[in-house]
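A.B. asks: Starting off with a structure, shown below.
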Amino acid sequence: MGRIFVVTGAIGSGKTTGLMEWAARQDRVDGILQPVIGGKRYMYHIASSTQRRLELDEGAPDDGAIRIGKYSFDRDVFRWGRARLERAFRDDVRWLVIDEVGPLELAGGGLEPALGRIIAGRRQFHGAIVLVIRKKLLDASIARYGLRNGYALMDPGPPGVPCGT
């Protein structure tokens, strides 16, 4: 199978919120989402409903931090998220959600190398992979992961049915 669906839009356009609501209505869904809670970004594991704070406070110690622009992220939380994604990829899930393919991933960090391995191995995966990609990074993401003509756009908003299903 190995179908890939892409949810895209501008920053703050509701991509993650829509997917959280959509995922709650699905069977056999796993993966990670990165909601903003109280002004800070978290990493949320769908299958276990657990979350970890990803974004660090300004002035936090640099040990374990990944910096991009004005933001600092916890390296251990990315490690935790990658492990959850790789485990979900091996499990029998219908939907594997990966939020998000962003500047860190395009530079080889963040959810990499798990993200690249999952996309490369999609033909052996029996479910569908849902990628969240910012609109301005869509072309670069498609090129980096070799997805030309290999994905469909998805709108997770009401009624929450992906295109093509």
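Chain identifiers are assigned as A, B, and so on, following the order in which chains appear in the structure tokens; residues are numbered from 1 within each chain, and ligands are numbered from 1 in order of appearance.
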Give me the residues within 8 Å of region 50-60 of chain A as a short mmCIF file (atom, residue, chain, number, x, y, z; two decimals) with N, CA and C atoms, in the first residue's frame, counting only C-alpha atoms and dropping any in the same chain fewer than 3 places off.

C.D. replies:
data_model
loop_
_atom_site.label_atom_id
_atom_site.label_comp_id
_atom_site.auth_asym_id
_atom_site.auth_seq_id
_atom_site.Cartn_x
_atom_site.Cartn_y
_atom_site.Cartn_z
N LYS A 40 3.58 27.12 23.85
CA LYS A 40 4.78 26.29 23.65
C LYS A 40 4.41 25.06 22.83
N ARG A 41 5.34 24.63 21.99
CA ARG A 41 5.12 23.46 21.15
C ARG A 41 5.40 22.19 21.96
N TYR A 42 4.50 21.22 21.81
CA TYR A 42 4.62 19.91 22.45
C TYR A 42 4.67 18.85 21.37
N MET A 43 5.12 17.65 21.74
CA MET A 43 5.04 16.50 20.87
C MET A 43 4.04 15.54 21.52
N TYR A 44 3.02 15.15 20.77
CA TYR A 44 1.93 14.33 21.27
C TYR A 44 1.93 13.01 20.53
N HIS A 45 2.00 11.90 21.27
CA HIS A 45 1.94 10.57 20.67
C HIS A 45 0.49 10.12 20.64
N ILE A 46 -0.03 9.89 19.46
CA ILE A 46 -1.45 9.63 19.26
C ILE A 46 -1.92 8.36 19.97
N ALA A 65 19.64 21.10 23.62
CA ALA A 65 18.78 21.99 22.83
C ALA A 65 19.18 22.00 21.36
N TYR A 71 13.73 29.82 18.22
CA TYR A 71 13.20 28.70 18.98
C TYR A 71 14.29 27.73 19.41
N SER A 72 14.07 27.11 20.57
CA SER A 72 14.93 26.05 21.08
C SER A 72 14.06 24.83 21.37
N PHE A 73 14.52 23.67 20.92
CA PHE A 73 13.77 22.44 21.09
C PHE A 73 14.60 21.41 21.83
N ASP A 74 13.93 20.55 22.56
CA ASP A 74 14.56 19.52 23.36
C ASP A 74 14.94 18.33 22.48
N VAL A 77 13.28 14.98 23.32
CA VAL A 77 11.88 14.82 22.90
C VAL A 77 11.83 14.42 21.43
N PHE A 78 12.72 14.97 20.61
CA PHE A 78 12.78 14.52 19.22
C PHE A 78 13.17 13.04 19.17
#

A.B. asks: Let's see if you can do this: from backbone DSSP, list all alpha helix (DSSP H) residues in region 7-70 of chain A, as a ChimeraX atom specification.

C.D. replies: /A:15-24

A.B. asks: Give me, as a VMD selection string, the residues of region 21-150 of chain A that a backbone DSSP run labels strand (DSSP E).

C.D. replies: chain A and resid 29 to 33 36 to 37 40 to 45 50 to 53 65 to 68 71 to 74 95 to 101 128 to 134

A.B. asks: So that I have them on file, write out the residues from the current selection with N, CA and C atoms, as a CSV table (one decimal), in the first residue's frame.

C.D. replies:
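Ended up saving to result01.csv:
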chain,number,residue,atom,x,y,z
A,29,VAL,N,-4.9,4.4,14.3
A,29,VAL,CA,-4.1,5.5,13.9
A,29,VAL,C,-3.0,5.7,15.0
A,30,ASP,N,-1.8,6.0,14.5
A,30,ASP,CA,-0.7,6.3,15.4
A,30,ASP,C,0.2,7.3,14.8
A,31,GLY,N,1.2,7.8,15.5
A,31,GLY,CA,2.1,8.8,15.0
A,31,GLY,C,2.2,9.9,16.0
A,32,ILE,N,2.7,11.0,15.5
A,32,ILE,CA,2.9,12.2,16.4
A,32,ILE,C,2.3,13.4,15.8
A,33,LEU,N,1.9,14.3,16.7
A,33,LEU,CA,1.4,15.6,16.4
A,33,LEU,C,2.2,16.6,17.2
A,36,VAL,N,0.5,23.3,19.7
A,36,VAL,CA,1.0,24.4,20.6
A,36,VAL,C,0.0,24.5,21.8
A,37,ILE,N,0.5,24.4,23.0
A,37,ILE,CA,-0.3,24.4,24.2
A,37,ILE,C,0.3,25.5,25.1
A,40,LYS,N,3.6,27.1,23.9
A,40,LYS,CA,4.8,26.3,23.6
A,40,LYS,C,4.4,25.1,22.8
A,41,ARG,N,5.3,24.6,22.0
A,41,ARG,CA,5.1,23.5,21.2
A,41,ARG,C,5.4,22.2,22.0
A,42,TYR,N,4.5,21.2,21.8
A,42,TYR,CA,4.6,19.9,22.4
A,42,TYR,C,4.7,18.8,21.4
A,43,MET,N,5.1,17.7,21.7
A,43,MET,CA,5.0,16.5,20.9
A,43,MET,C,4.0,15.5,21.5
A,44,TYR,N,3.0,15.2,20.8
A,44,TYR,CA,1.9,14.3,21.3
A,44,TYR,C,1.9,13.0,20.5
A,45,HIS,N,2.0,11.9,21.3
A,45,HIS,CA,1.9,10.6,20.7
A,45,HIS,C,0.5,10.1,20.6
A,50,THR,N,0.0,10.4,25.1
A,50,THR,CA,1.0,11.1,25.9
A,50,THR,C,1.7,12.2,25.2
A,51,GLN,N,2.1,13.2,25.9
A,51,GLN,CA,2.8,14.3,25.3
A,51,GLN,C,4.0,14.7,26.1
A,52,ARG,N,4.9,15.3,25.4
A,52,ARG,CA,6.1,15.9,26.0
A,52,ARG,C,6.4,17.3,25.5
A,53,ARG,N,6.9,18.1,26.4
A,53,ARG,CA,7.1,19.5,25.9
A,53,ARG,C,8.4,19.5,25.0
A,65,ALA,N,19.6,21.1,23.6
A,65,ALA,CA,18.8,22.0,22.8
A,65,ALA,C,19.2,22.0,21.4
A,66,ILE,N,18.2,22.1,20.5
A,66,ILE,CA,18.3,22.3,19.1
A,66,ILE,C,17.8,23.7,18.8
A,67,ARG,N,18.6,24.5,18.2
A,67,ARG,CA,18.1,25.9,18.0
A,67,ARG,C,17.8,26.1,16.5
A,68,ILE,N,16.7,26.7,16.3
A,68,ILE,CA,16.4,27.1,14.9
A,68,ILE,C,15.6,28.5,15.0
A,71,TYR,N,13.7,29.8,18.2
A,71,TYR,CA,13.2,28.7,19.0
A,71,TYR,C,14.3,27.7,19.4
A,72,SER,N,14.1,27.1,20.6
A,72,SER,CA,14.9,26.0,21.1
A,72,SER,C,14.1,24.8,21.4
A,73,PHE,N,14.5,23.7,20.9
A,73,PHE,CA,13.8,22.4,21.1
A,73,PHE,C,14.6,21.4,21.8
A,74,ASP,N,13.9,20.6,22.6
A,74,ASP,CA,14.6,19.5,23.4
A,74,ASP,C,14.9,18.3,22.5
A,95,TRP,N,-3.3,4.3,9.8
A,95,TRP,CA,-2.8,5.6,9.5
A,95,TRP,C,-1.6,5.9,10.3
A,96,LEU,N,-0.5,6.5,9.7
A,96,LEU,CA,0.6,6.9,10.5
A,96,LEU,C,0.8,8.4,10.2
A,97,VAL,N,0.6,9.2,11.3
A,97,VAL,CA,0.6,10.7,11.1
A,97,VAL,C,2.0,11.2,11.6
A,98,ILE,N,2.6,12.0,10.7
A,98,ILE,CA,3.9,12.7,11.0
A,98,ILE,C,3.7,14.2,10.9
A,99,ASP,N,3.7,14.8,12.0
A,99,ASP,CA,3.6,16.3,12.1
A,99,ASP,C,4.9,16.8,12.8
A,100,GLU,N,5.8,17.4,12.1
A,100,GLU,CA,5.7,17.9,10.8
A,100,GLU,C,7.0,17.8,10.0
A,101,VAL,N,6.9,17.9,8.7
A,101,VAL,CA,8.1,18.0,7.9
A,101,VAL,C,8.4,19.5,7.8
A,128,ALA,N,-1.5,3.9,5.5
A,128,ALA,CA,-1.2,5.2,4.8
A,128,ALA,C,-0.5,6.1,5.7
A,129,ILE,N,0.4,6.9,5.1
A,129,ILE,CA,1.2,7.9,5.9
A,129,ILE,C,0.6,9.3,5.6
A,130,VAL,N,0.4,10.0,6.7
A,130,VAL,CA,-0.1,11.4,6.6
A,130,VAL,C,1.1,12.3,7.0
A,131,LEU,N,1.5,13.2,6.1
A,131,LEU,CA,2.6,14.1,6.4
A,131,LEU,C,2.0,15.5,6.5
A,132,VAL,N,2.4,16.3,7.6
A,132,VAL,CA,2.1,17.7,7.7
A,132,VAL,C,3.3,18.5,7.2
A,133,ILE,N,3.0,19.3,6.2
A,133,ILE,CA,4.1,20.1,5.6
A,133,ILE,C,3.6,21.5,5.4
A,134,ARG,N,4.3,22.5,5.9
A,134,ARG,CA,4.0,23.9,5.7
A,134,ARG,C,3.9,24.2,4.2

A.B. asks: Please identify all polymer residues within 10 Å of Arg117 (chain A), counting only C-alpha atoms, omitting same-chain residues fewer than 6 positions from it, and present them as a PyMOL selection string.

C.D. replies: chain A and resi 86+89+145

A.B. asks: Find the spatial neighbours of Ile11 (chain A), counting only C-alpha atoms, within a cut-off of 9 Å - ignore same-chain residues fewer than 3 positions away - and output them as an MDAnalysis selection string.

C.D. replies: chainID A and resid 14:15 134:135

A.B. asks: Would you compute the distance between CA of Arg87 (chain A) and CA of Gly9 (chain A)? Give it in Å to one decimal.

C.D. replies: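 For CA of Arg87 (chain A) relative to CA of Gly9 (chain A), the distance reads 27.6 Å.
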
A.B. asks: Which residues are close to region 119-121 of chain A, i.e. within 9 Å by only C-alpha atoms, leaving aside same-chain residues fewer than 4 positions away? Reply as a list in words.

C.D. replies: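 Here the answer would be Gly2, Ile4, Ala114, Leu115, Phe125, Ile129, Tyr145, Gly146 and Leu147 of chain A.
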
A.B. asks: Give me a file of those residues, with C-alpha atoms, as an mmCIF file, in the first residue's frame.

C.D. replies:
data_model
loop_
_atom_site.group_PDB
_atom_site.id
_atom_site.type_symbol
_atom_site.label_atom_id
_atom_site.label_comp_id
_atom_site.auth_asym_id
_atom_site.auth_seq_id
_atom_site.Cartn_x
_atom_site.Cartn_y
_atom_site.Cartn_z
ATOM 1 C CA GLY A 2 2.222 2.840 1.277
ATOM 2 C CA ILE A 4 1.052 9.179 1.263
ATOM 3 C CA ALA A 114 13.259 8.189 11.083
ATOM 4 C CA LEU A 115 11.151 10.301 8.721
ATOM 5 C CA PHE A 125 3.918 -0.364 4.890
ATOM 6 C CA ILE A 129 1.199 7.895 5.859
ATOM 7 C CA TYR A 145 11.724 12.849 -0.242
ATOM 8 C CA GLY A 146 11.090 11.963 -3.893
ATOM 9 C CA LEU A 147 7.331 12.384 -3.705
#

A.B. asks: For the atom pair CA of Arg123 (chain A) and CA of Ala24 (chain A), what is the interatomic distance in Å to one decimal place?

C.D. replies: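 Value for the CA of Arg123 (chain A)-CA of Ala24 (chain A) distance: 25.7 Å.
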
A.B. asks: Extract, using only C-alpha atoms, all DNA, RNA and protein residues at most 9 Å from region 150-157 of chain A, discarding same-chain residues fewer than 4 positions from it, and format them as a list in words.

C.D. replies: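 Residues near the query, excluding close chain neighbours: Arg3, Ile4, Phe5, Val6, Val7, Thr8, Gly14, Lys15, Thr17, Gly18, Leu19, Met20, Glu21, Trp22, Ala23, Val130, Ile142, Gly146, Val161, Pro162, Cys163 and Gly164 of chain A.
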